[in-house]
file protein_9.txt (compact mmCIF, N, CA, C and O atoms)
# COMPACT_ATOMS: atom_id res chain seq x y z
N MET A 1 -3.24 10.61 15.33
CA MET A 1 -1.97 10.33 14.69
C MET A 1 -0.84 10.34 15.72
O MET A 1 0.05 9.52 15.65
N GLU A 2 -0.88 11.30 16.62
CA GLU A 2 0.18 11.38 17.63
C GLU A 2 0.14 10.17 18.57
O GLU A 2 1.19 9.68 18.97
N LEU A 3 -1.04 9.70 18.89
CA LEU A 3 -1.16 8.53 19.75
C LEU A 3 -0.57 7.30 19.06
O LEU A 3 0.17 6.52 19.68
N LEU A 4 -0.83 7.13 17.78
CA LEU A 4 -0.26 6.02 17.03
C LEU A 4 1.26 6.14 16.98
O LEU A 4 1.98 5.14 17.07
N ARG A 5 1.75 7.35 16.86
CA ARG A 5 3.20 7.58 16.85
C ARG A 5 3.82 7.22 18.20
O ARG A 5 4.90 6.63 18.26
N ILE A 6 3.15 7.53 19.29
CA ILE A 6 3.63 7.17 20.62
C ILE A 6 3.63 5.65 20.80
O ILE A 6 4.57 5.07 21.35
N ILE A 7 2.59 5.00 20.32
CA ILE A 7 2.52 3.54 20.40
C ILE A 7 3.65 2.92 19.58
O ILE A 7 4.29 1.95 20.02
N ALA A 8 3.93 3.48 18.41
CA ALA A 8 5.03 2.99 17.59
C ALA A 8 6.36 3.14 18.32
O ALA A 8 7.22 2.26 18.26
N MET A 9 6.54 4.26 19.03
CA MET A 9 7.76 4.45 19.82
C MET A 9 7.89 3.39 20.92
O MET A 9 8.99 2.89 21.18
N CYS A 10 6.78 3.04 21.54
CA CYS A 10 6.79 2.00 22.57
C CYS A 10 7.17 0.65 21.98
O CYS A 10 7.93 -0.12 22.59
N PHE A 11 6.67 0.34 20.77
CA PHE A 11 7.05 -0.89 20.09
C PHE A 11 8.55 -0.90 19.80
O PHE A 11 9.22 -1.93 19.96
N ILE A 12 9.08 0.24 19.37
CA ILE A 12 10.51 0.32 19.07
C ILE A 12 11.34 0.13 20.33
O ILE A 12 12.36 -0.58 20.32
N MET A 13 10.92 0.73 21.43
CA MET A 13 11.65 0.56 22.69
C MET A 13 11.60 -0.89 23.16
O MET A 13 12.60 -1.43 23.64
N ALA A 14 10.46 -1.56 23.02
CA ALA A 14 10.35 -2.97 23.40
C ALA A 14 11.26 -3.82 22.53
O ALA A 14 11.90 -4.77 23.01
N HIS A 15 11.33 -3.51 21.24
CA HIS A 15 12.21 -4.22 20.32
C HIS A 15 13.66 -4.10 20.77
O HIS A 15 14.39 -5.09 20.83
N HIS A 16 14.09 -2.88 21.10
CA HIS A 16 15.46 -2.67 21.55
C HIS A 16 15.73 -3.39 22.87
O HIS A 16 16.82 -3.93 23.07
N TYR A 17 14.77 -3.39 23.75
CA TYR A 17 14.92 -4.06 25.04
C TYR A 17 15.15 -5.56 24.85
O TYR A 17 16.04 -6.16 25.47
N VAL A 18 14.34 -6.17 23.99
CA VAL A 18 14.46 -7.61 23.77
C VAL A 18 15.72 -7.92 22.96
O VAL A 18 16.48 -8.83 23.28
N TRP A 19 15.96 -7.16 21.90
CA TRP A 19 17.07 -7.47 21.00
C TRP A 19 18.42 -7.24 21.68
O TRP A 19 19.31 -8.09 21.62
N ASN A 20 18.61 -6.11 22.32
CA ASN A 20 19.89 -5.80 22.96
C ASN A 20 20.05 -6.53 24.29
O ASN A 20 21.18 -6.75 24.74
N GLY A 21 18.96 -6.89 24.92
CA GLY A 21 19.02 -7.63 26.17
C GLY A 21 19.25 -9.11 25.99
O GLY A 21 19.54 -9.83 26.93
N GLY A 22 19.13 -9.59 24.76
CA GLY A 22 19.35 -11.00 24.48
C GLY A 22 18.19 -11.89 24.86
O GLY A 22 18.34 -13.11 24.91
N GLY A 23 17.01 -11.32 25.11
CA GLY A 23 15.85 -12.10 25.51
C GLY A 23 15.34 -13.03 24.42
O GLY A 23 14.64 -14.00 24.70
N TRP A 24 15.71 -12.77 23.18
CA TRP A 24 15.25 -13.61 22.08
C TRP A 24 16.12 -14.85 21.92
O TRP A 24 15.79 -15.74 21.15
N LYS A 25 17.22 -14.94 22.67
CA LYS A 25 18.11 -16.09 22.55
C LYS A 25 17.87 -17.14 23.63
O LYS A 25 18.09 -18.32 23.40
N ILE A 26 17.50 -16.69 24.81
CA ILE A 26 17.40 -17.62 25.94
C ILE A 26 16.00 -17.61 26.51
O ILE A 26 15.23 -16.68 26.29
N GLY A 27 15.66 -18.63 27.26
CA GLY A 27 14.38 -18.68 27.95
C GLY A 27 13.54 -19.84 27.50
O GLY A 27 13.93 -20.63 26.64
N SER A 28 12.40 -19.92 28.09
CA SER A 28 11.47 -21.00 27.76
C SER A 28 10.79 -20.70 26.42
O SER A 28 10.99 -19.66 25.81
N ASP A 29 9.98 -21.63 25.99
CA ASP A 29 9.28 -21.46 24.71
C ASP A 29 8.34 -20.26 24.74
O ASP A 29 8.19 -19.56 23.75
N ILE A 30 7.72 -20.03 25.88
CA ILE A 30 6.79 -18.91 26.01
C ILE A 30 7.53 -17.59 25.90
O ILE A 30 7.09 -16.66 25.21
N VAL A 31 8.68 -17.49 26.55
CA VAL A 31 9.48 -16.27 26.49
C VAL A 31 9.97 -16.02 25.06
O VAL A 31 9.94 -14.89 24.57
N LEU A 32 10.42 -17.07 24.38
CA LEU A 32 10.86 -16.92 23.00
C LEU A 32 9.71 -16.50 22.09
O LEU A 32 9.89 -15.70 21.17
N PHE A 33 8.53 -17.04 22.35
CA PHE A 33 7.35 -16.68 21.56
C PHE A 33 7.01 -15.20 21.76
O PHE A 33 6.76 -14.47 20.80
N GLN A 34 7.02 -14.75 23.01
CA GLN A 34 6.73 -13.34 23.30
C GLN A 34 7.81 -12.44 22.72
O GLN A 34 7.52 -11.36 22.19
N SER A 35 9.06 -12.87 22.83
CA SER A 35 10.17 -12.07 22.31
C SER A 35 10.07 -11.90 20.80
O SER A 35 10.36 -10.83 20.27
N SER A 36 9.66 -12.95 20.10
CA SER A 36 9.53 -12.85 18.65
C SER A 36 8.45 -11.84 18.26
O SER A 36 8.59 -11.13 17.27
N PHE A 37 7.38 -11.75 19.05
CA PHE A 37 6.35 -10.75 18.77
C PHE A 37 6.86 -9.34 19.03
O PHE A 37 6.54 -8.41 18.29
N LEU A 38 7.66 -9.16 20.08
CA LEU A 38 8.20 -7.83 20.37
C LEU A 38 9.20 -7.39 19.30
O LEU A 38 9.24 -6.21 18.93
N VAL A 39 10.00 -8.33 18.80
CA VAL A 39 10.94 -7.98 17.73
C VAL A 39 10.18 -7.61 16.46
O VAL A 39 10.50 -6.62 15.80
N ALA A 40 9.17 -8.38 16.12
CA ALA A 40 8.36 -8.06 14.94
C ALA A 40 7.60 -6.75 15.13
O ALA A 40 7.47 -5.95 14.20
N GLY A 41 7.11 -6.50 16.35
CA GLY A 41 6.42 -5.24 16.64
C GLY A 41 7.34 -4.04 16.50
O GLY A 41 6.91 -2.97 16.09
N GLY A 42 8.61 -4.23 16.82
CA GLY A 42 9.58 -3.15 16.66
C GLY A 42 9.79 -2.79 15.21
O GLY A 42 9.86 -1.61 14.84
N SER A 43 9.86 -3.80 14.35
CA SER A 43 10.01 -3.53 12.92
C SER A 43 8.77 -2.81 12.38
O SER A 43 8.89 -1.88 11.59
N LEU A 44 7.62 -3.23 12.82
CA LEU A 44 6.38 -2.57 12.42
C LEU A 44 6.34 -1.14 12.96
O LEU A 44 5.93 -0.21 12.26
N GLY A 45 6.78 -0.96 14.21
CA GLY A 45 6.80 0.37 14.81
C GLY A 45 7.69 1.34 14.07
O GLY A 45 7.35 2.52 13.91
N ILE A 46 8.82 0.86 13.58
CA ILE A 46 9.73 1.72 12.81
C ILE A 46 9.04 2.19 11.53
O ILE A 46 9.09 3.37 11.18
N ASN A 47 8.38 1.27 10.83
CA ASN A 47 7.69 1.64 9.60
C ASN A 47 6.57 2.64 9.86
O ASN A 47 6.42 3.63 9.13
N ILE A 48 5.78 2.40 10.90
CA ILE A 48 4.68 3.31 11.23
C ILE A 48 5.22 4.68 11.60
O ILE A 48 4.72 5.72 11.13
N PHE A 49 6.26 4.72 12.43
CA PHE A 49 6.84 5.99 12.88
C PHE A 49 7.37 6.78 11.69
O PHE A 49 7.16 8.00 11.60
N MET A 50 8.06 6.12 10.77
CA MET A 50 8.62 6.81 9.60
C MET A 50 7.52 7.34 8.68
O MET A 50 7.62 8.45 8.16
N LEU A 51 6.47 6.56 8.48
CA LEU A 51 5.38 7.02 7.61
C LEU A 51 4.66 8.23 8.20
O LEU A 51 4.37 9.19 7.49
N ILE A 52 4.38 8.18 9.50
CA ILE A 52 3.69 9.30 10.14
C ILE A 52 4.58 10.54 10.15
O ILE A 52 4.12 11.65 9.86
N SER A 53 5.87 10.36 10.47
CA SER A 53 6.78 11.50 10.49
C SER A 53 6.92 12.12 9.10
O SER A 53 6.93 13.34 8.95
N GLY A 54 7.02 11.26 8.08
CA GLY A 54 7.10 11.76 6.71
C GLY A 54 5.84 12.49 6.30
O GLY A 54 5.90 13.53 5.62
N TYR A 55 4.69 11.98 6.71
CA TYR A 55 3.43 12.64 6.38
C TYR A 55 3.37 14.03 7.00
O TYR A 55 3.04 15.01 6.33
N PHE A 56 3.73 14.14 8.28
CA PHE A 56 3.71 15.45 8.94
C PHE A 56 4.76 16.38 8.36
O PHE A 56 4.56 17.59 8.29
N MET A 57 5.90 15.83 7.94
CA MET A 57 6.95 16.68 7.39
C MET A 57 6.52 17.25 6.04
O MET A 57 6.80 18.40 5.73
N ILE A 58 5.82 16.47 5.24
CA ILE A 58 5.41 16.95 3.93
C ILE A 58 4.21 17.89 4.05
O ILE A 58 4.18 18.94 3.42
N THR A 59 3.23 17.51 4.86
CA THR A 59 2.02 18.35 4.94
C THR A 59 2.28 19.59 5.76
O THR A 59 1.99 20.69 5.32
N GLY A 60 2.79 19.45 6.96
CA GLY A 60 3.08 20.62 7.81
C GLY A 60 1.87 21.51 7.95
O GLY A 60 0.73 21.06 8.00
N ASN A 61 2.10 22.78 8.04
CA ASN A 61 1.01 23.75 8.13
C ASN A 61 0.61 24.27 6.76
O ASN A 61 -0.44 24.86 6.60
N ASP A 62 1.47 24.09 5.78
CA ASP A 62 1.19 24.57 4.43
C ASP A 62 0.40 23.53 3.67
O ASP A 62 0.18 22.42 4.12
N SER A 63 0.01 23.91 2.48
CA SER A 63 -0.60 22.94 1.59
C SER A 63 0.52 22.15 0.90
O SER A 63 1.70 22.40 1.11
N TYR A 64 0.15 21.21 0.07
CA TYR A 64 1.11 20.36 -0.62
C TYR A 64 2.03 21.21 -1.49
O TYR A 64 1.59 22.08 -2.21
N SER A 65 3.31 20.93 -1.41
CA SER A 65 4.29 21.70 -2.18
C SER A 65 5.31 20.74 -2.77
O SER A 65 5.86 19.88 -2.08
N SER A 66 5.58 20.90 -4.07
CA SER A 66 6.58 20.05 -4.71
C SER A 66 7.98 20.40 -4.23
O SER A 66 8.89 19.57 -4.28
N LYS A 67 8.18 21.62 -3.71
CA LYS A 67 9.48 22.00 -3.17
C LYS A 67 9.83 21.16 -1.95
O LYS A 67 10.98 20.76 -1.76
N LYS A 68 8.83 20.87 -1.10
CA LYS A 68 9.07 20.06 0.09
C LYS A 68 9.45 18.64 -0.30
O LYS A 68 10.36 18.05 0.29
N VAL A 69 8.76 18.08 -1.28
CA VAL A 69 9.06 16.72 -1.72
C VAL A 69 10.47 16.67 -2.30
O VAL A 69 11.24 15.76 -2.01
N LEU A 70 10.82 17.67 -3.10
CA LEU A 70 12.16 17.73 -3.69
C LEU A 70 13.22 17.86 -2.60
O LEU A 70 14.27 17.20 -2.66
N LYS A 71 12.96 18.67 -1.58
CA LYS A 71 13.91 18.85 -0.49
C LYS A 71 14.12 17.54 0.27
O LYS A 71 15.25 17.17 0.59
N VAL A 72 13.04 16.80 0.52
CA VAL A 72 13.15 15.51 1.22
C VAL A 72 13.95 14.53 0.37
O VAL A 72 14.82 13.82 0.88
N CYS A 73 13.68 14.50 -0.94
CA CYS A 73 14.42 13.58 -1.82
C CYS A 73 15.90 13.91 -1.85
O CYS A 73 16.74 13.01 -1.80
N ILE A 74 16.22 15.18 -1.91
CA ILE A 74 17.63 15.60 -1.92
C ILE A 74 18.30 15.21 -0.60
O ILE A 74 19.43 14.71 -0.58
N ASP A 75 17.62 15.43 0.51
CA ASP A 75 18.17 15.06 1.81
C ASP A 75 18.42 13.56 1.90
O ASP A 75 19.48 13.11 2.36
N VAL A 76 17.45 12.76 1.47
CA VAL A 76 17.59 11.30 1.53
C VAL A 76 18.75 10.83 0.67
O VAL A 76 19.59 10.03 1.09
N TRP A 77 18.84 11.33 -0.56
CA TRP A 77 19.93 10.92 -1.45
C TRP A 77 21.29 11.38 -0.92
O TRP A 77 22.27 10.65 -1.01
N SER A 78 21.33 12.58 -0.36
CA SER A 78 22.60 13.08 0.18
C SER A 78 23.09 12.20 1.33
O SER A 78 24.26 11.78 1.35
N TYR A 79 22.22 11.92 2.28
CA TYR A 79 22.61 11.08 3.40
C TYR A 79 22.92 9.65 2.94
O TYR A 79 23.81 8.99 3.50
N SER A 80 22.20 9.15 1.95
CA SER A 80 22.48 7.80 1.44
C SER A 80 23.88 7.72 0.86
O SER A 80 24.61 6.76 1.10
N TRP A 81 24.27 8.71 0.08
CA TRP A 81 25.60 8.72 -0.51
C TRP A 81 26.69 8.91 0.55
O TRP A 81 27.77 8.31 0.46
N ILE A 82 26.42 9.74 1.55
CA ILE A 82 27.42 9.95 2.61
C ILE A 82 27.61 8.66 3.40
O ILE A 82 28.75 8.27 3.69
N ILE A 83 26.54 7.99 3.73
CA ILE A 83 26.63 6.73 4.49
C ILE A 83 27.28 5.64 3.65
O ILE A 83 28.07 4.84 4.16
N LEU A 84 26.95 5.62 2.36
CA LEU A 84 27.53 4.60 1.48
C LEU A 84 29.03 4.76 1.40
O LEU A 84 29.81 3.88 1.46
call {"tool": "encode", "arguments": {"input": "protein_9.txt", "output": "structure tokens"}}
result
Amino acid sequence: MELLRIIAMCFIMAHHYVWNGGGWKIGSDIVLFQSSFLVAGGSLGINIFMLISGYFMITGNDSYSSKKVLKVCIDVWSYSWIIL
């Protein structure tokens, strides 16, 4: 699981490199093709990273607890309202 999380982080860093560096706007067809894969890989990496992090946060060292799920839901809703 940790290895997959590290790979997801690498995808996210590649996404930021291409997106913020402007590599997806300029270059030959091959460069644009590669850049589109790195951008898509970054989106996939974010989803994988969030799922694995959420899994570890809920399971932790304890067994399943509804208090943990409730705490995560309250945190998510609180931050959502603050950002909104």
call {"tool": "closest_residue", "arguments": {"input": "protein_9.txt", "among": "A:Met13, A:Ile30, A:Met57, A:Leu38", "to": "Val69 (chain A)", "atoms": "all atoms listed in the file"}}
result
A:Met57
call {"tool": "closest_residue", "arguments": {"input": "protein_9.txt", "among": "A:Leu51, A:Val39, A:Val76, A:Leu70", "to": "Val18 (chain A)", "atoms": "only N, CA, C and O atoms"}}
result
A:Val39
call {"tool": "atom_distance", "arguments": {"input": "protein_9.txt", "atom1": "atom O of Gly21 (chain A)", "atom2": "CA of Gln34 (chain A)"}}
result
13.8 Å
call {"tool": "atom_distance", "arguments": {"input": "protein_9.txt", "atom1": "CA of Glu2 (chain A)", "atom2": "CA of Lys67 (chain A)"}}
result
25.1 Å
call {"tool": "atom_distance", "arguments": {"input": "protein_9.txt", "atom1": "CA of Phe56 (chain A)", "atom2": "CA of Met9 (chain A)"}}
result
16.0 Å
